[in-house]
file run_9.txt (compact mmCIF, C-alpha atoms and all ligand atoms)
# COMPACT_ATOMS: atom_id res chain seq x y z
CA ALA A 920 6.00 23.86 -6.64
CA ARG A 921 4.61 20.85 -8.39
CA LYS A 922 0.94 21.11 -9.43
CA ILE A 923 -1.16 18.22 -8.15
CA ILE A 924 -4.77 17.05 -8.09
CA ILE A 925 -5.51 14.79 -5.12
CA ASP A 926 -8.19 12.23 -5.95
CA THR A 927 -9.45 10.93 -2.64
CA ASP A 928 -11.99 9.05 -0.48
CA PRO A 929 -11.21 10.32 3.04
CA GLY A 930 -10.49 8.17 5.11
CA GLN A 931 -8.21 9.09 8.05
CA ASP A 932 -5.06 8.25 6.09
CA ASP A 933 -6.32 10.26 3.09
CA ALA A 934 -6.86 13.13 5.53
CA VAL A 935 -3.24 12.99 6.69
CA ALA A 936 -2.04 12.84 3.06
CA ILE A 937 -4.09 15.97 2.27
CA LEU A 938 -2.84 17.79 5.39
CA LEU A 939 0.76 17.02 4.42
CA ALA A 940 0.19 18.46 0.93
CA LEU A 941 -1.58 21.57 2.20
CA ALA A 942 1.24 22.12 4.70
CA SER A 943 3.85 22.06 1.94
CA PRO A 944 3.15 24.93 -0.49
CA GLU A 945 6.81 25.26 -1.46
CA ASP A 946 6.73 21.70 -2.82
CA LEU A 947 3.10 21.14 -3.78
CA ASP A 948 0.48 23.35 -5.37
CA VAL A 949 -2.85 21.62 -4.72
CA LEU A 950 -5.05 22.59 -7.68
CA GLY A 951 -8.02 20.76 -6.23
CA LEU A 952 -9.33 17.74 -4.37
CA THR A 953 -11.49 15.41 -6.41
CA CYS A 954 -13.62 13.09 -4.31
CA VAL A 955 -14.65 9.56 -5.16
CA ALA A 956 -16.73 6.89 -3.45
CA GLY A 957 -14.54 4.35 -1.65
CA ASN A 958 -13.94 4.06 2.07
CA VAL A 959 -17.42 5.55 2.50
CA PRO A 960 -20.04 6.78 0.00
CA LEU A 961 -19.49 10.00 -1.99
CA ASN A 962 -21.63 12.24 0.21
CA LEU A 963 -19.30 11.46 3.11
CA THR A 964 -16.00 11.66 1.19
CA THR A 965 -16.97 15.15 -0.08
CA ARG A 966 -17.90 16.11 3.48
CA ASN A 967 -14.70 14.71 4.95
CA ALA A 968 -12.46 16.35 2.34
CA ARG A 969 -13.91 19.74 3.24
CA ILE A 970 -13.56 19.06 6.98
CA VAL A 971 -9.88 18.37 6.36
CA CYS A 972 -9.35 21.58 4.33
CA GLU A 973 -10.98 23.59 7.12
CA LEU A 974 -8.89 21.79 9.73
CA ALA A 975 -5.81 22.81 7.73
CA GLY A 976 -7.03 26.42 7.73
CA LYS A 977 -7.33 26.31 3.92
CA PRO A 978 -11.06 26.66 3.15
CA GLU A 979 -10.17 28.23 -0.20
CA THR A 980 -9.07 24.80 -1.49
CA ARG A 981 -11.32 23.64 -4.31
CA VAL A 982 -13.17 20.39 -3.60
CA PHE A 983 -15.09 18.56 -6.34
CA ALA A 984 -17.54 15.68 -6.15
CA GLY A 985 -16.83 12.85 -8.59
CA CYS A 986 -18.14 9.37 -9.30
CA ASP A 987 -20.43 7.79 -6.72
CA GLY A 988 -19.56 4.20 -7.57
CA PRO A 989 -17.26 1.97 -9.63
CA ILE A 990 -17.46 1.80 -13.42
CA ALA A 991 -18.98 -1.68 -13.62
CA ARG A 992 -19.61 -2.92 -10.08
CA LYS A 993 -21.44 -2.31 -6.86
CA LEU A 994 -19.57 -0.08 -4.40
CA VAL A 995 -17.71 -1.85 -1.57
CA THR A 996 -16.93 0.41 1.39
CA ALA A 997 -14.64 0.09 4.43
CA GLU A 998 -16.49 1.34 7.50
CA HIS A 999 -14.90 -1.58 9.35
CA VAL A 1000 -11.59 0.27 9.03
CA HIS A 1001 -12.55 3.95 9.01
CA GLY A 1002 -15.76 4.05 11.08
CA LYS A 1003 -19.25 5.12 10.12
CA THR A 1004 -18.29 8.59 8.87
CA GLY A 1005 -15.00 7.52 7.29
CA LEU A 1006 -13.23 10.02 9.53
CA ASP A 1007 -14.06 8.65 12.98
CA GLY A 1008 -11.74 9.54 15.84
CA PRO A 1009 -11.61 13.30 16.34
CA THR A 1010 -14.69 15.47 16.78
CA LEU A 1011 -14.50 18.07 14.04
CA PRO A 1012 -17.13 20.63 12.98
CA GLU A 1013 -19.33 20.05 9.93
CA PRO A 1014 -17.80 21.91 6.96
CA THR A 1015 -19.12 25.29 5.85
CA MET A 1016 -16.85 25.80 2.81
CA PRO A 1017 -18.51 25.15 -0.55
CA LEU A 1018 -18.30 22.15 -2.81
CA GLN A 1019 -17.49 23.26 -6.39
CA ASP A 1020 -20.27 22.98 -8.98
CA GLN A 1021 -18.11 21.29 -11.61
CA HIS A 1022 -17.95 17.48 -11.66
CA ALA A 1023 -14.56 16.11 -10.55
CA VAL A 1024 -14.05 14.27 -13.84
CA ASP A 1025 -14.61 17.49 -15.84
CA PHE A 1026 -12.22 19.33 -13.54
CA ILE A 1027 -9.53 16.70 -14.14
CA ILE A 1028 -10.03 16.82 -17.94
CA ASP A 1029 -10.15 20.64 -18.14
CA THR A 1030 -7.13 21.10 -15.90
CA LEU A 1031 -5.00 18.69 -17.92
CA ARG A 1032 -6.07 20.35 -21.17
CA ASN A 1033 -5.60 23.92 -19.94
CA GLU A 1034 -2.31 23.64 -18.04
CA PRO A 1035 0.89 23.16 -20.05
CA ALA A 1036 1.47 19.51 -20.99
CA LYS A 1037 3.26 17.39 -18.37
CA THR A 1038 2.95 19.90 -15.56
CA VAL A 1039 0.10 18.32 -13.60
CA THR A 1040 0.48 15.24 -11.41
CA LEU A 1041 -2.50 13.13 -10.35
CA CYS A 1042 -2.46 11.66 -6.83
CA PRO A 1043 -5.14 8.98 -6.50
CA LEU A 1044 -5.68 7.83 -2.90
CA GLY A 1045 -8.86 5.83 -3.46
CA PRO A 1046 -10.53 3.67 -6.12
CA LEU A 1047 -9.48 4.86 -9.59
CA THR A 1048 -13.02 5.56 -10.86
CA ASN A 1049 -12.63 9.32 -11.46
CA ILE A 1050 -9.25 8.90 -13.12
CA ALA A 1051 -10.36 6.11 -15.46
CA THR A 1052 -13.58 7.91 -16.33
CA ALA A 1053 -11.57 11.00 -17.29
CA LEU A 1054 -9.13 8.89 -19.36
CA THR A 1055 -11.99 7.13 -21.14
CA ARG A 1056 -13.90 10.28 -21.87
CA ALA A 1057 -10.84 12.29 -22.94
CA PRO A 1058 -8.05 9.96 -24.11
CA ASP A 1059 -6.02 13.02 -25.19
CA ILE A 1060 -5.24 13.85 -21.55
CA ALA A 1061 -3.09 10.74 -20.99
CA GLU A 1062 -0.02 12.20 -22.69
CA ARG A 1063 -0.50 15.52 -20.88
CA ILE A 1064 -0.18 13.93 -17.39
CA GLN A 1065 3.20 14.56 -15.75
CA GLU A 1066 2.87 11.52 -13.48
CA ILE A 1067 0.28 9.48 -11.64
CA VAL A 1068 1.44 8.71 -8.09
CA LEU A 1069 -1.10 6.42 -6.47
CA MET A 1070 -1.69 4.33 -3.38
CA GLY A 1071 -2.90 0.87 -4.31
CA GLY A 1072 -2.04 -2.74 -4.85
CA ALA A 1073 0.52 -5.06 -3.32
CA TYR A 1074 3.21 -7.50 -4.28
CA PHE A 1075 4.42 -9.52 -1.32
CA GLU A 1076 1.89 -8.14 1.20
CA VAL A 1077 -0.84 -9.21 -1.25
CA GLY A 1078 -4.27 -8.29 0.16
CA ASN A 1079 -6.15 -6.33 2.82
CA ILE A 1080 -9.73 -6.63 1.52
CA THR A 1081 -9.41 -10.14 0.07
CA PRO A 1082 -6.42 -12.48 0.36
CA ALA A 1083 -5.37 -11.35 -3.12
CA ALA A 1084 -6.33 -7.69 -3.42
CA GLU A 1085 -5.74 -4.30 -1.90
CA PHE A 1086 -8.85 -2.19 -1.24
CA ASN A 1087 -8.42 0.69 -3.74
CA ILE A 1088 -7.78 -1.62 -6.67
CA TYR A 1089 -10.37 -4.20 -5.59
CA VAL A 1090 -13.21 -1.68 -5.40
CA ASP A 1091 -12.87 -0.69 -9.06
CA PRO A 1092 -10.59 -3.13 -10.89
CA GLU A 1093 -11.84 -2.03 -14.33
CA ALA A 1094 -10.82 1.54 -13.50
CA ALA A 1095 -7.43 0.34 -12.31
CA LYS A 1096 -6.93 -1.59 -15.53
CA ILE A 1097 -7.68 1.48 -17.64
CA THR A 1098 -5.35 3.61 -15.51
CA PHE A 1099 -2.40 1.20 -15.59
CA ALA A 1100 -2.77 0.91 -19.38
CA CYS A 1101 -2.96 4.66 -20.07
CA GLY A 1102 0.71 5.19 -20.92
CA ALA A 1103 1.40 8.03 -18.46
CA PRO A 1104 4.28 7.58 -16.00
CA ILE A 1105 2.90 5.76 -12.93
CA THR A 1106 4.41 5.43 -9.46
CA VAL A 1107 2.70 3.03 -7.06
CA MET A 1108 2.74 2.94 -3.26
CA PRO A 1109 1.53 -0.61 -2.55
CA LEU A 1110 0.89 -2.25 0.82
CA ASP A 1111 4.51 -3.43 0.73
CA VAL A 1112 5.50 0.16 1.43
CA THR A 1113 2.57 1.36 3.50
CA HIS A 1114 2.72 -1.56 5.93
CA LYS A 1115 6.18 -0.26 6.84
CA ALA A 1116 4.76 3.22 7.58
CA LEU A 1117 3.27 2.24 10.94
CA VAL A 1118 2.13 4.77 13.50
CA THR A 1119 3.83 3.31 16.56
CA SER A 1120 2.97 4.97 19.88
CA PRO A 1121 6.06 7.19 19.96
CA ARG A 1122 5.22 8.39 16.46
CA ASN A 1123 1.64 9.10 17.48
CA GLU A 1124 2.83 10.86 20.63
CA ALA A 1125 4.93 13.12 18.41
CA PHE A 1126 1.76 14.20 16.56
CA ARG A 1127 -0.03 14.81 19.86
CA ALA A 1128 2.95 16.68 21.29
CA LEU A 1129 2.61 19.29 18.54
CA GLY A 1130 -0.08 20.69 20.82
CA THR A 1131 -2.02 22.05 17.85
CA ARG A 1132 -5.56 21.30 16.63
CA VAL A 1133 -4.09 19.48 13.66
CA GLY A 1134 -1.62 17.47 15.76
CA THR A 1135 -4.35 16.37 18.15
CA ALA A 1136 -6.79 15.52 15.36
CA VAL A 1137 -4.18 13.47 13.49
CA ALA A 1138 -3.29 11.59 16.68
CA GLN A 1139 -6.98 10.84 17.27
CA MET A 1140 -7.46 9.74 13.66
CA THR A 1141 -4.53 7.34 13.75
CA ASP A 1142 -5.65 6.06 17.16
CA PHE A 1143 -8.96 5.11 15.63
CA PHE A 1144 -7.97 3.84 12.21
CA GLU A 1145 -7.03 0.14 11.86
CA ARG A 1146 -6.51 0.13 15.62
CA PHE A 1147 -7.50 -3.54 15.70
CA ASP A 1148 -4.48 -4.64 13.70
CA LEU A 1149 -2.09 -5.57 16.50
CA GLU A 1150 -1.98 -9.15 15.31
CA LYS A 1151 -1.46 -8.20 11.69
CA TYR A 1152 1.16 -5.47 12.02
CA GLY A 1153 2.74 -6.36 15.37
CA SER A 1154 2.01 -2.79 16.36
CA THR A 1155 -0.99 -1.06 17.85
CA GLY A 1156 -0.54 1.65 15.26
CA ALA A 1157 -2.13 2.04 11.86
CA PRO A 1158 -0.31 1.80 8.55
CA LEU A 1159 -0.37 5.30 7.12
CA HIS A 1160 -1.07 4.31 3.51
CA ASP A 1161 -2.04 7.42 1.59
CA PRO A 1162 0.49 9.92 3.04
CA CYS A 1163 3.19 7.87 1.29
CA VAL A 1164 1.94 9.42 -1.96
CA THR A 1165 2.27 13.06 -0.91
CA ALA A 1166 5.50 12.34 1.00
CA TYR A 1167 6.97 10.80 -2.15
CA LEU A 1168 6.30 14.00 -4.08
CA ILE A 1169 8.11 16.01 -1.42
CA ALA A 1170 10.95 13.58 -0.64
CA PRO A 1171 11.27 10.87 -3.32
CA HIS A 1172 14.61 9.71 -1.88
CA LEU A 1173 12.72 8.15 1.07
CA PHE A 1174 11.34 5.46 -1.25
CA GLN A 1175 12.82 2.67 -3.33
CA GLY A 1176 11.26 0.58 -6.04
CA ARG A 1177 11.46 -0.91 -9.49
CA PHE A 1178 10.14 0.00 -12.91
CA ILE A 1179 8.18 -3.13 -13.83
CA ASN A 1180 5.06 -4.43 -15.54
CA VAL A 1181 1.89 -4.38 -13.44
CA GLU A 1182 -1.38 -5.86 -14.71
CA ILE A 1183 -4.76 -5.86 -12.97
CA GLU A 1184 -6.91 -8.97 -12.61
CA THR A 1185 -10.52 -8.21 -13.55
CA GLN A 1186 -11.92 -11.67 -14.36
CA SER A 1187 -11.17 -14.13 -11.60
CA GLU A 1188 -13.54 -14.26 -8.66
CA LEU A 1189 -10.75 -15.53 -6.43
CA THR A 1190 -8.12 -12.91 -7.24
CA LEU A 1191 -10.25 -9.98 -8.46
CA GLY A 1192 -8.35 -6.71 -8.21
CA MET A 1193 -4.97 -8.34 -7.71
CA THR A 1194 -2.01 -6.28 -8.94
CA VAL A 1195 0.07 -8.84 -10.80
CA ALA A 1196 3.43 -7.13 -10.36
CA ASP A 1197 6.28 -8.62 -12.39
CA TRP A 1198 8.90 -7.82 -9.74
CA TRP A 1199 11.39 -10.34 -11.16
CA ARG A 1200 10.67 -9.34 -14.76
CA VAL A 1201 9.76 -12.85 -15.84
CA SER A 1202 6.79 -12.01 -18.09
CA GLY A 1203 8.55 -10.14 -20.88
CA ARG A 1204 5.70 -7.60 -20.76
CA ALA A 1205 6.70 -3.95 -21.05
CA PRO A 1206 7.15 -2.07 -17.76
CA ASN A 1207 4.36 0.43 -17.09
CA ALA A 1208 4.82 1.46 -13.46
CA THR A 1209 7.42 2.12 -10.80
CA PHE A 1210 6.32 -0.19 -8.03
CA MET A 1211 7.76 0.90 -4.69
CA GLY A 1212 9.00 -1.70 -2.24
CA ASP A 1213 10.66 0.18 0.57
CA ILE A 1214 10.39 3.33 2.66
CA ASP A 1215 12.66 5.06 5.15
CA ALA A 1216 9.90 5.15 7.78
CA ASP A 1217 11.75 7.14 10.44
CA HIS A 1218 12.48 9.99 8.07
CA PHE A 1219 8.97 9.76 6.62
CA PHE A 1220 7.46 10.31 10.09
CA ALA A 1221 9.96 13.07 10.86
CA LEU A 1222 8.98 14.89 7.65
CA LEU A 1223 5.28 14.41 8.34
CA THR A 1224 5.48 15.69 11.91
CA GLU A 1225 7.60 18.68 10.95
CA ARG A 1226 5.22 19.68 8.15
CA LEU A 1227 2.04 19.14 10.19
CA ALA A 1228 3.49 21.44 12.85
CA ARG A 1229 3.08 24.33 10.40
CA LEU A 1230 -0.70 24.08 10.19
C1 LIG A 1301 -6.29 2.11 1.06
O1 LIG A 1301 -7.66 1.79 1.31
C2 LIG A 1301 -8.23 2.76 2.13
O2 LIG A 1301 -8.88 2.14 3.16
C3 LIG A 1301 -7.13 3.68 2.59
O3 LIG A 1301 -7.60 5.02 2.65
C4 LIG A 1301 -6.06 3.51 1.56
O4 LIG A 1301 -6.23 4.40 0.48
C5 LIG A 1301 -5.43 1.04 1.73
O5 LIG A 1301 -5.68 -0.20 1.20
CA CA A 1302 -7.80 6.26 0.60
call {"tool": "encode", "arguments": {"input": "run_9.txt", "output": "structure tokens", "more": "lines below"}}
Ligand code: BDR
Ligand code: CA
result
Amino acid sequence: ARKIIIDTDPGQDDAVAILLALASPEDLDVLGLTCVAGNVPLNLTTRNARIVCELAGKPETRVFAGCDGPIARKLVTAEHVHGKTGLDGPTLPEPTMPLQDQHAVDFIIDTLRNEPAKTVTLCPLGPLTNIATALTRAPDIAERIQEIVLMGGAYFEVGNITPAAEFNIYVDPEAAKITFACGAPITVMPLDVTHKALVTSPRNEAFRALGTRVGTAVAQMTDFFERFDLEKYGSTGAPLHDPCVTAYLIAPHLFQGRFINVEIETQSELTLGMTVADWWRVSGRAPNATFMGDIDADHFFALLTERLARL
């Protein structure tokens, strides 16, 4: 199984991404969850991550608290999408499992230094603050990373928090810039992919029909999350952004993309946090990321439902 660290700001879609990973031990060995401020502040993302581990029946999972705000900016949150707690929808018990003492950034650095080189994959599902802080503090870890598979950015679908920017990149563009420049192999799940991973009602009914606590909770989460987006997506269902990352690690053949140059805008007020993706390779700049453009959504949902059934 591939060793991964999930860096996350749960978030209903983060929760589903984590559940998919924890349900797939033959494919993914989750070394730890590192929490970051994003959809909601850090005290809630650390709470929500532990709620999700307990929901999965895996309270032994290590959960670490990381950075409580972007490197150089004020935190922007997304309660308008995820609700007050970040995990609105189902009613789940407050977590009793512990939070680890170590800081998430130290855990990321130590793990990359202690595990054999190129055997640990980072899976960022939120703003890239923890990742960039680790890379800045310990530049030696960059060449030890097997791959960074992240949800963030957009090419054609452009923005969901401003007309030009996707939320995760917008919240901490300086962190994104550091991450995209680090030299490790990067695979990106932008909005172009995730807006094709829509939870239509039959797909949500399939979660509910599992008849398990997890199936019901996931159905309630996706009912709540981005439920207002009928106009935008032509569907009453939410785009399941973050699970594209963990699904990719299990079934990469469900995704298609291109190895291109991606740069992050950090200066312009108008386009702050934009992922300038050179899809047509017109810039002459060296490729630094595989930017996905397409997903086989039916098989993605089939995989997700089948794996969630195990929990
Ligand atoms: C991303 O932002 C968050 O709201 C979601 O959890 C996802 O990671 C989508 O833009
Ligand atoms: Ca997220």
call {"tool": "closest_residue", "arguments": {"input": "run_9.txt", "among": "A:Phe1086, A:Phe1210, A:Phe1219, A:Tyr1167", "to": "ligand CA 1302 (chain A)", "atoms": "only C-alpha atoms and all ligand atoms"}}
result
A:Phe1086
call {"tool": "closest_residue", "arguments": {"input": "run_9.txt", "among": "A:Ala1116, A:Val935, A:Ile1183, A:Leu1168", "to": "A:Gly1156", "atoms": "all atoms listed in the file"}}
result
A:Ala1116
call {"tool": "residues_around", "arguments": {"input": "run_9.txt", "residues": "A:Thr980", "least_positions_apart": "6", "cutoff": "10 Å", "atoms": "only C-alpha atoms", "output": "list in words"}}
result
Leu941, Val949, Leu950, Gly951, Leu952, Ala968, Arg969, Cys972, Glu973, Met1016, Pro1017, Leu1018 and Gln1019 of chain A
call {"tool": "residues_near_ligand", "arguments": {"input": "run_9.txt", "ligand": "ligand CA 1302 (chain A)", "cutoff": "7 Å", "atoms": "all atoms listed in the file", "output": "PyMOL selection string"}}
result
chain A and resi 927-930+932-933+958+1044-1045+1161
call {"tool": "closest_atom_pairs", "arguments": {"input": "run_9.txt", "of": "chain A", "to": "ligand LIG 1301 (chain A)", "cutoff": "9 Å", "atoms": "only C-alpha atoms and all ligand atoms", "output": "Markdown table"}}
result
| residue | atom | partner | partner_atom | distance |
| --- | --- | --- | --- | --- |
| A:Thr927 | CA | A:LIG1301 | O4 | 7.9 |
| A:Asp928 | CA | A:LIG1301 | O3 | 6.7 |
| A:Pro929 | CA | A:LIG1301 | O3 | 6.4 |
| A:Gly930 | CA | A:LIG1301 | O3 | 4.9 |
| A:Gln931 | CA | A:LIG1301 | O3 | 6.8 |
| A:Asp932 | CA | A:LIG1301 | O3 | 5.4 |
| A:Asp933 | CA | A:LIG1301 | O3 | 5.4 |
| A:Ala934 | CA | A:LIG1301 | O3 | 8.6 |
| A:Gly957 | CA | A:LIG1301 | C2 | 7.5 |
| A:Asn958 | CA | A:LIG1301 | O2 | 5.5 |
| A:Thr996 | CA | A:LIG1301 | O2 | 8.4 |
| A:Ala997 | CA | A:LIG1301 | O2 | 6.2 |
| A:Glu998 | CA | A:LIG1301 | O2 | 8.8 |
| A:Val1000 | CA | A:LIG1301 | O2 | 6.7 |
| A:His1001 | CA | A:LIG1301 | O2 | 7.1 |
| A:Pro1043 | CA | A:LIG1301 | O4 | 8.4 |
| A:Leu1044 | CA | A:LIG1301 | O4 | 4.8 |
| A:Gly1045 | CA | A:LIG1301 | O4 | 4.9 |
| A:Pro1046 | CA | A:LIG1301 | O4 | 7.9 |
| A:Leu1069 | CA | A:LIG1301 | O4 | 8.9 |
| A:Met1070 | CA | A:LIG1301 | O4 | 6.0 |
| A:Gly1071 | CA | A:LIG1301 | O5 | 6.3 |
| A:Gly1072 | CA | A:LIG1301 | O5 | 7.5 |
| A:Gly1078 | CA | A:LIG1301 | O5 | 8.3 |
| A:Asn1079 | CA | A:LIG1301 | O5 | 6.4 |
| A:Ile1080 | CA | A:LIG1301 | O5 | 7.6 |
| A:Ala1084 | CA | A:LIG1301 | O5 | 8.8 |
| A:Glu1085 | CA | A:LIG1301 | O5 | 5.1 |
| A:Phe1086 | CA | A:LIG1301 | O5 | 4.5 |
| A:Asn1087 | CA | A:LIG1301 | O1 | 5.2 |
| A:Ile1088 | CA | A:LIG1301 | O5 | 8.3 |
| A:Pro1109 | CA | A:LIG1301 | O5 | 8.1 |
| A:Leu1110 | CA | A:LIG1301 | O5 | 6.9 |
| A:Thr1113 | CA | A:LIG1301 | C5 | 8.2 |
| A:Pro1158 | CA | A:LIG1301 | C5 | 8.6 |
| A:Leu1159 | CA | A:LIG1301 | C4 | 8.2 |
| A:His1160 | CA | A:LIG1301 | C4 | 5.4 |
| A:Asp1161 | CA | A:LIG1301 | O4 | 5.3 |
call {"tool": "write_last_selection", "arguments": {"input": "run_9.txt", "atoms": "C-alpha atoms", "output": "PDB file, in the coordinates of the input"}}
result
ATOM      1  CA  THR A 927      -9.450  10.930  -2.640  1.00  0.00           C
ATOM      2  CA  ASP A 928     -11.990   9.050  -0.480  1.00  0.00           C
ATOM      3  CA  PRO A 929     -11.210  10.320   3.040  1.00  0.00           C
ATOM      4  CA  GLY A 930     -10.490   8.170   5.110  1.00  0.00           C
ATOM      5  CA  GLN A 931      -8.210   9.090   8.050  1.00  0.00           C
ATOM      6  CA  ASP A 932      -5.060   8.250   6.090  1.00  0.00           C
ATOM      7  CA  ASP A 933      -6.320  10.260   3.090  1.00  0.00           C
ATOM      8  CA  ALA A 934      -6.860  13.130   5.530  1.00  0.00           C
ATOM      9  CA  GLY A 957     -14.540   4.350  -1.650  1.00  0.00           C
ATOM     10  CA  ASN A 958     -13.940   4.060   2.070  1.00  0.00           C
ATOM     11  CA  THR A 996     -16.930   0.410   1.390  1.00  0.00           C
ATOM     12  CA  ALA A 997     -14.640   0.090   4.430  1.00  0.00           C
ATOM     13  CA  GLU A 998     -16.490   1.340   7.500  1.00  0.00           C
ATOM     14  CA  VAL A1000     -11.590   0.270   9.030  1.00  0.00           C
ATOM     15  CA  HIS A1001     -12.550   3.950   9.010  1.00  0.00           C
ATOM     16  CA  PRO A1043      -5.140   8.980  -6.500  1.00  0.00           C
ATOM     17  CA  LEU A1044      -5.680   7.830  -2.900  1.00  0.00           C
ATOM     18  CA  GLY A1045      -8.860   5.830  -3.460  1.00  0.00           C
ATOM     19  CA  PRO A1046     -10.530   3.670  -6.120  1.00  0.00           C
ATOM     20  CA  LEU A1069      -1.100   6.420  -6.470  1.00  0.00           C
ATOM     21  CA  MET A1070      -1.690   4.330  -3.380  1.00  0.00           C
ATOM     22  CA  GLY A1071      -2.900   0.870  -4.310  1.00  0.00           C
ATOM     23  CA  GLY A1072      -2.040  -2.740  -4.850  1.00  0.00           C
ATOM     24  CA  GLY A1078      -4.270  -8.290   0.160  1.00  0.00           C
ATOM     25  CA  ASN A1079      -6.150  -6.330   2.820  1.00  0.00           C
ATOM     26  CA  ILE A1080      -9.730  -6.630   1.520  1.00  0.00           C
ATOM     27  CA  ALA A1084      -6.330  -7.690  -3.420  1.00  0.00           C
ATOM     28  CA  GLU A1085      -5.740  -4.300  -1.900  1.00  0.00           C
ATOM     29  CA  PHE A1086      -8.850  -2.190  -1.240  1.00  0.00           C
ATOM     30  CA  ASN A1087      -8.420   0.690  -3.740  1.00  0.00           C
ATOM     31  CA  ILE A1088      -7.780  -1.620  -6.670  1.00  0.00           C
ATOM     32  CA  PRO A1109       1.530  -0.610  -2.550  1.00  0.00           C
ATOM     33  CA  LEU A1110       0.890  -2.250   0.820  1.00  0.00           C
ATOM     34  CA  THR A1113       2.570   1.360   3.500  1.00  0.00           C
ATOM     35  CA  PRO A1158      -0.310   1.800   8.550  1.00  0.00           C
ATOM     36  CA  LEU A1159      -0.370   5.300   7.120  1.00  0.00           C
ATOM     37  CA  HIS A1160      -1.070   4.310   3.510  1.00  0.00           C
ATOM     38  CA  ASP A1161      -2.040   7.420   1.590  1.00  0.00           C
TER      39      ASP A1161
END
call {"tool": "atom_distance", "arguments": {"input": "run_9.txt", "atom1": "atom CA of A:Ala1083", "atom2": "atom CA of A:Ile925"}}
result
26.2 Å
call {"tool": "closest_residue", "arguments": {"input": "run_9.txt", "among": "A:Asp987, A:Asp1217, A:Glu1182, A:Asp1197", "to": "A:Ala1100", "atoms": "all atoms listed in the file"}}
result
A:Glu1182
call {"tool": "closest_atom_pairs", "arguments": {"input": "run_9.txt", "of": "stretch 1124-1175 of chain A", "to": "stretch 1006-1011 of chain A", "cutoff": "6 Å", "atoms": "all atoms listed in the file", "output": "JSON lines"}}
result
{"residue": "A:Ala1136", "atom": "CA", "partner": "A:Pro1009", "partner_atom": "CA", "distance": 5.4}
{"residue": "A:Gln1139", "atom": "CA", "partner": "A:Gly1008", "partner_atom": "CA", "distance": 5.1}
{"residue": "A:Met1140", "atom": "CA", "partner": "A:Gly1008", "partner_atom": "CA", "distance": 4.8}
{"residue": "A:Phe1143", "atom": "CA", "partner": "A:Gly1008", "partner_atom": "CA", "distance": 5.2}
call {"tool": "atom_distance", "arguments": {"input": "run_9.txt", "atom1": "atom CA of A:Gln1021", "atom2": "atom CA of A:Val982"}}
result
9.5 Å
call {"tool": "residues_near_point", "arguments": {"input": "run_9.txt", "point": "(-7.1, -9.8, -12.9)", "cutoff": "9 Å", "atoms": "all atoms listed in the file", "output": "list in words"}}
result
Pro1092, Lys1096, Glu1182, Ile1183, Glu1184, Thr1185, Gln1186, Ser1187, Glu1188, Thr1190, Leu1191, Gly1192, Met1193, Thr1194 and Val1195 of chain A
call {"tool": "closest_residue", "arguments": {"input": "run_9.txt", "among": "A:Ala1196, A:Ile1060, A:Ile1179, A:Val1133", "to": "A:Val1077", "atoms": "all atoms listed in the file"}}
result
A:Ala1196
call {"tool": "closest_residue", "arguments": {"input": "run_9.txt", "among": "A:Asn962, A:Asn1180, A:Thr953, A:Thr1106", "to": "A:Trp1198", "atoms": "only C-alpha atoms"}}
result
A:Asn1180
call {"tool": "closest_residue", "arguments": {"input": "run_9.txt", "among": "A:Ala1051, A:Ala1216, A:Ala984, A:Ala1208", "to": "A:Arg1177", "atoms": "only C-alpha atoms"}}
result
A:Ala1208
call {"tool": "atom_distance", "arguments": {"input": "run_9.txt", "atom1": "atom CA of A:Asp1213", "atom2": "atom CA of A:Ala1157"}}
result
17.2 Å
call {"tool": "residues_near_point", "arguments": {"input": "run_9.txt", "point": "(-11.8, 10.5, -22.7)", "cutoff": "12 Å", "atoms": "all atoms listed in the file", "output": "PyMOL selection string"}}
result
chain A and resi 1024-1025+1027-1029+1031-1032+1049-1062+1097-1098+1101
